[in-house]
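S.K.: For reference, this is my_file18.txt, and it has compact mmCIF, C-alpha atoms.
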# COMPACT_ATOMS: atom_id res chain seq x y z
CA GLN A 1 9.87 21.40 19.71
CA VAL A 2 11.94 22.65 16.82
CA GLN A 3 10.86 20.37 14.01
CA PHE A 4 7.66 19.49 12.21
CA VAL A 5 5.85 16.40 13.46
CA GLU A 6 4.17 14.21 10.86
CA SER A 7 1.61 11.48 11.48
CA GLY A 8 -1.00 9.35 9.80
CA GLY A 9 1.12 6.93 7.83
CA GLY A 10 0.77 3.18 7.86
CA LEU A 11 0.46 -0.01 5.87
CA VAL A 12 -2.30 0.12 3.30
CA GLN A 13 -3.35 -2.04 0.39
CA PRO A 14 -3.17 -0.78 -3.18
CA GLY A 15 -6.20 1.34 -3.94
CA GLY A 16 -6.56 2.44 -0.34
CA SER A 17 -6.47 5.92 1.17
CA LEU A 18 -4.64 7.75 3.91
CA ARG A 19 -4.73 11.20 5.47
CA LEU A 20 -1.41 12.53 6.65
CA SER A 21 -1.10 15.33 9.17
CA CYS A 22 1.71 17.65 10.13
CA ARG A 23 2.02 20.05 13.04
CA ALA A 24 4.30 23.07 12.99
CA PRO A 25 7.01 23.42 15.63
CA ARG A 26 6.61 26.09 18.28
CA SER A 27 9.54 27.96 16.78
CA ILE A 28 7.47 28.97 13.74
CA THR A 29 3.89 28.99 14.96
CA SER A 30 3.85 32.79 14.75
CA THR A 31 4.96 32.74 11.11
CA PHE A 32 3.45 29.48 9.86
CA ASN A 33 0.56 31.29 8.18
CA SER A 34 2.97 33.21 5.96
CA TYR A 35 4.72 30.16 4.51
CA THR A 36 3.99 28.26 1.36
CA MET A 37 4.01 24.72 2.75
CA GLY A 38 4.81 21.47 1.06
CA TRP A 39 4.64 17.73 1.42
CA TYR A 40 7.77 15.90 0.42
CA ARG A 41 8.48 12.20 0.20
CA GLN A 42 11.50 9.94 -0.01
CA GLY A 43 11.04 6.47 -1.40
CA PRO A 44 13.46 3.56 -0.96
CA GLY A 45 16.70 4.37 -2.73
CA LYS A 46 15.35 7.68 -4.02
CA GLN A 47 15.98 11.33 -3.33
CA ARG A 48 13.51 13.38 -1.36
CA GLU A 49 11.03 15.11 -3.66
CA LEU A 50 8.32 17.72 -3.34
CA VAL A 51 4.92 16.23 -4.21
CA ALA A 52 2.46 18.99 -3.31
CA SER A 53 2.47 22.55 -2.08
CA ILE A 54 -0.07 25.06 -0.82
CA SER A 55 0.30 28.80 -0.57
CA ARG A 56 -0.56 30.80 2.51
CA LEU A 57 -3.88 31.64 0.82
CA GLY A 58 -4.67 28.02 -0.01
CA ASN A 59 -3.64 27.72 -3.65
CA ALA A 60 -2.49 24.16 -4.22
CA ASN A 61 -0.01 22.73 -6.71
CA TYR A 62 0.86 19.11 -7.40
CA VAL A 63 3.42 17.11 -9.27
CA ASP A 64 1.68 15.98 -12.45
CA SER A 65 1.75 12.29 -11.54
CA MET A 66 -0.03 13.02 -8.24
CA LYS A 67 -2.83 15.17 -9.63
CA GLY A 68 -6.22 13.71 -8.88
CA ARG A 69 -4.96 11.41 -6.14
CA PHE A 70 -3.33 13.86 -3.72
CA THR A 71 -5.14 16.71 -1.96
CA ILE A 72 -3.16 19.11 0.17
CA SER A 73 -4.83 21.39 2.69
CA ARG A 74 -3.92 23.50 5.66
CA ASP A 75 -5.52 24.84 8.82
CA ASN A 76 -3.69 28.01 9.76
CA SER A 77 -5.56 28.27 13.05
CA ARG A 78 -4.15 24.88 14.05
CA LYS A 79 -0.74 25.47 12.46
CA SER A 80 -1.28 22.22 10.63
CA LEU A 81 -0.88 20.77 7.16
CA TYR A 82 -2.68 17.77 5.67
CA LEU A 83 -2.33 15.44 2.71
CA GLN A 84 -5.18 13.20 1.60
CA ILE A 85 -3.93 10.40 -0.65
CA SER A 86 -6.33 8.15 -2.51
CA SER A 87 -5.90 5.26 -4.93
CA LEU A 88 -2.58 4.47 -3.34
CA GLU A 89 -0.05 2.64 -5.46
CA PRO A 90 3.02 0.63 -4.42
CA GLU A 91 5.11 3.42 -5.95
CA ASP A 92 3.74 5.76 -3.26
CA THR A 93 5.67 3.82 -0.62
CA ALA A 94 7.89 6.39 1.05
CA VAL A 95 8.52 8.44 4.13
CA TYR A 96 6.45 11.60 3.90
CA TYR A 97 7.62 14.91 5.36
CA CYS A 98 6.31 18.44 5.56
CA ASN A 99 8.39 21.60 5.35
CA PRO A 100 8.07 25.06 3.87
CA VAL A 101 8.76 25.63 0.18
CA PRO A 102 11.64 26.12 -0.29
CA TYR A 103 12.51 23.81 2.56
CA ASP A 104 14.37 24.73 5.70
CA GLY A 105 16.87 21.99 6.52
CA ASN A 106 16.59 22.72 10.23
CA LEU A 107 12.90 21.88 10.30
CA TRP A 108 12.85 18.33 8.92
CA GLY A 109 10.91 16.06 11.23
CA PRO A 110 11.05 12.29 11.44
CA GLY A 111 8.42 11.89 8.74
CA THR A 112 5.65 9.34 8.59
CA GLN A 113 6.07 6.03 6.79
CA VAL A 114 3.55 5.06 4.13
CA THR A 115 3.79 1.50 2.86
CA VAL A 116 1.52 0.33 0.07
CA SER A 117 1.47 -3.42 -0.25
CA SER A 118 -0.94 -6.28 -0.59
For the structure just supplied, provide its representation as structure tokens.
M.R.:
Amino acid sequence: QVQFVESGGGLVQPGGSLRLSCRAPRSITSTFNSYTMGWYRQGPGKQRELVASISRLGNANYVDSMKGRFTISRDNSRKSLYLQISSLEPEDTAVYYCNPVPYDGNLWGPGTQVTVSS
């Protein structure tokens, strides 16, 4: 395994919630704890963007429009990253990816699709 593996996406109605998970590839499990990690997303017809990040010590940062709805967390013992999204909006429809910040192009996984629709 050489790429991150994301999971937890799905079809959800507006106002709903999801918890996304991401597991680090074996190639970086020994160094995962040292990375600032981020969740990125790419909506239809849009460029991939960073939406949240968390330092190795757990300090979180969010894009202003996501504050209050997105919660990023990590479990260094499990080499995993999480994103709790609440009050989902149709504009949150995207493929969500995890990667270090700044990203490493070799580590992009397939992402997990989040679709918000009634």
S.K.: May I ask which of the residues A:Gly9, A:Gly38, A:Pro100, A:Pro90 is the closest one to A:Ala60, counting all atoms listed in the file?
M.R.: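 Of A:Gly9, A:Gly38, A:Pro100, A:Pro90, the one nearest A:Ala60 is A:Gly38, counting all atoms listed in the file.
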S.K.: Can you tell me, as an MDAnalysis selection string, what residues are no more than 6 Å from A:Thr93 when counting only C-alpha atoms, ignoring any on the same chain fewer than 5 positions away?
M.R.: chainID A and resid 114:116
S.K.: With all atoms listed in the file as the atoms that count, which of A:Lys67, A:Thr36, A:Arg26, A:Glu49 lies nearest to A:Tyr97?
M.R.: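 The answer is A:Glu49, which sits nearest to A:Tyr97.
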S.K.: Atom CA of A:Gly43 and atom CA of A:Val95, how far apart in Å?
M.R.: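 Separation of atom CA of A:Val95 and atom CA of A:Gly43: 6.4 Å.
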S.K.: Looking at A:Gln84, A:Asn76, A:Trp39, A:Thr31, which one is nearest to A:Asn61, with distances taken over only C-alpha atoms?
M.R.: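 Checking each candidate against A:Asn61, we get A:Trp39 as the closest.
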S.K.: Go through A:Gln47, A:Ser17, A:Gln1, A:Ser53 and flag the residue nearest A:Pro102, using all atoms listed in the file for the distances.
M.R.: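 When distances to A:Pro102 are compared using all atoms listed in the file, the smallest one comes from A:Ser53.
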S.K.: Any chance you could model N, CA and C atoms for stretch 86-100 of chain A and send them as an mmCIF file, in the frame of the given file?
M.R.:
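Dumped everything to result_17.cif:
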data_model
loop_
_atom_site.group_PDB
_atom_site.id
_atom_site.type_symbol
_atom_site.label_atom_id
_atom_site.label_comp_id
_atom_site.auth_asym_id
_atom_site.auth_seq_id
_atom_site.Cartn_x
_atom_site.Cartn_y
_atom_site.Cartn_z
ATOM 1 N N SER A 86 -5.401 9.209 -2.127
ATOM 2 C CA SER A 86 -6.330 8.150 -2.510
ATOM 3 C C SER A 86 -5.717 7.304 -3.615
ATOM 4 N N SER A 87 -6.370 6.181 -3.887
ATOM 5 C CA SER A 87 -5.900 5.260 -4.930
ATOM 6 C C SER A 87 -4.407 4.998 -4.808
ATOM 7 N N LEU A 88 -4.006 4.665 -3.600
ATOM 8 C CA LEU A 88 -2.580 4.470 -3.340
ATOM 9 C C LEU A 88 -1.999 3.349 -4.189
ATOM 10 N N GLU A 89 -0.769 3.571 -4.617
ATOM 11 C CA GLU A 89 -0.050 2.640 -5.460
ATOM 12 C C GLU A 89 1.235 2.214 -4.741
ATOM 13 N N PRO A 90 1.759 1.043 -5.045
ATOM 14 C CA PRO A 90 3.020 0.630 -4.420
ATOM 15 C C PRO A 90 4.130 1.667 -4.582
ATOM 16 N N GLU A 91 4.088 2.404 -5.692
ATOM 17 C CA GLU A 91 5.110 3.420 -5.950
ATOM 18 C C GLU A 91 5.000 4.613 -4.988
ATOM 19 N N ASP A 92 3.894 4.694 -4.259
ATOM 20 C CA ASP A 92 3.740 5.760 -3.260
ATOM 21 C C ASP A 92 4.426 5.416 -1.945
ATOM 22 N N THR A 93 4.951 4.212 -1.837
ATOM 23 C CA THR A 93 5.670 3.820 -0.620
ATOM 24 C C THR A 93 6.851 4.741 -0.398
ATOM 25 N N ALA A 94 6.863 5.392 0.754
ATOM 26 C CA ALA A 94 7.890 6.390 1.050
ATOM 27 C C ALA A 94 7.698 6.907 2.472
ATOM 28 N N VAL A 95 8.685 7.637 2.921
ATOM 29 C CA VAL A 95 8.520 8.440 4.130
ATOM 30 C C VAL A 95 8.085 9.825 3.686
ATOM 31 N N TYR A 96 7.018 10.318 4.279
ATOM 32 C CA TYR A 96 6.450 11.600 3.900
ATOM 33 C C TYR A 96 6.781 12.641 4.971
ATOM 34 N N TYR A 97 7.205 13.808 4.493
ATOM 35 C CA TYR A 97 7.620 14.910 5.360
ATOM 36 C C TYR A 97 6.890 16.188 4.967
ATOM 37 N N CYS A 98 6.789 17.112 5.906
ATOM 38 C CA CYS A 98 6.310 18.440 5.560
ATOM 39 C C CYS A 98 7.402 19.461 5.892
ATOM 40 N N ASN A 99 7.368 20.567 5.194
ATOM 41 C CA ASN A 99 8.390 21.600 5.350
ATOM 42 C C ASN A 99 7.928 22.773 4.493
ATOM 43 N N PRO A 100 8.389 23.954 4.780
ATOM 44 C CA PRO A 100 8.070 25.060 3.870
ATOM 45 C C PRO A 100 8.677 24.815 2.484
#
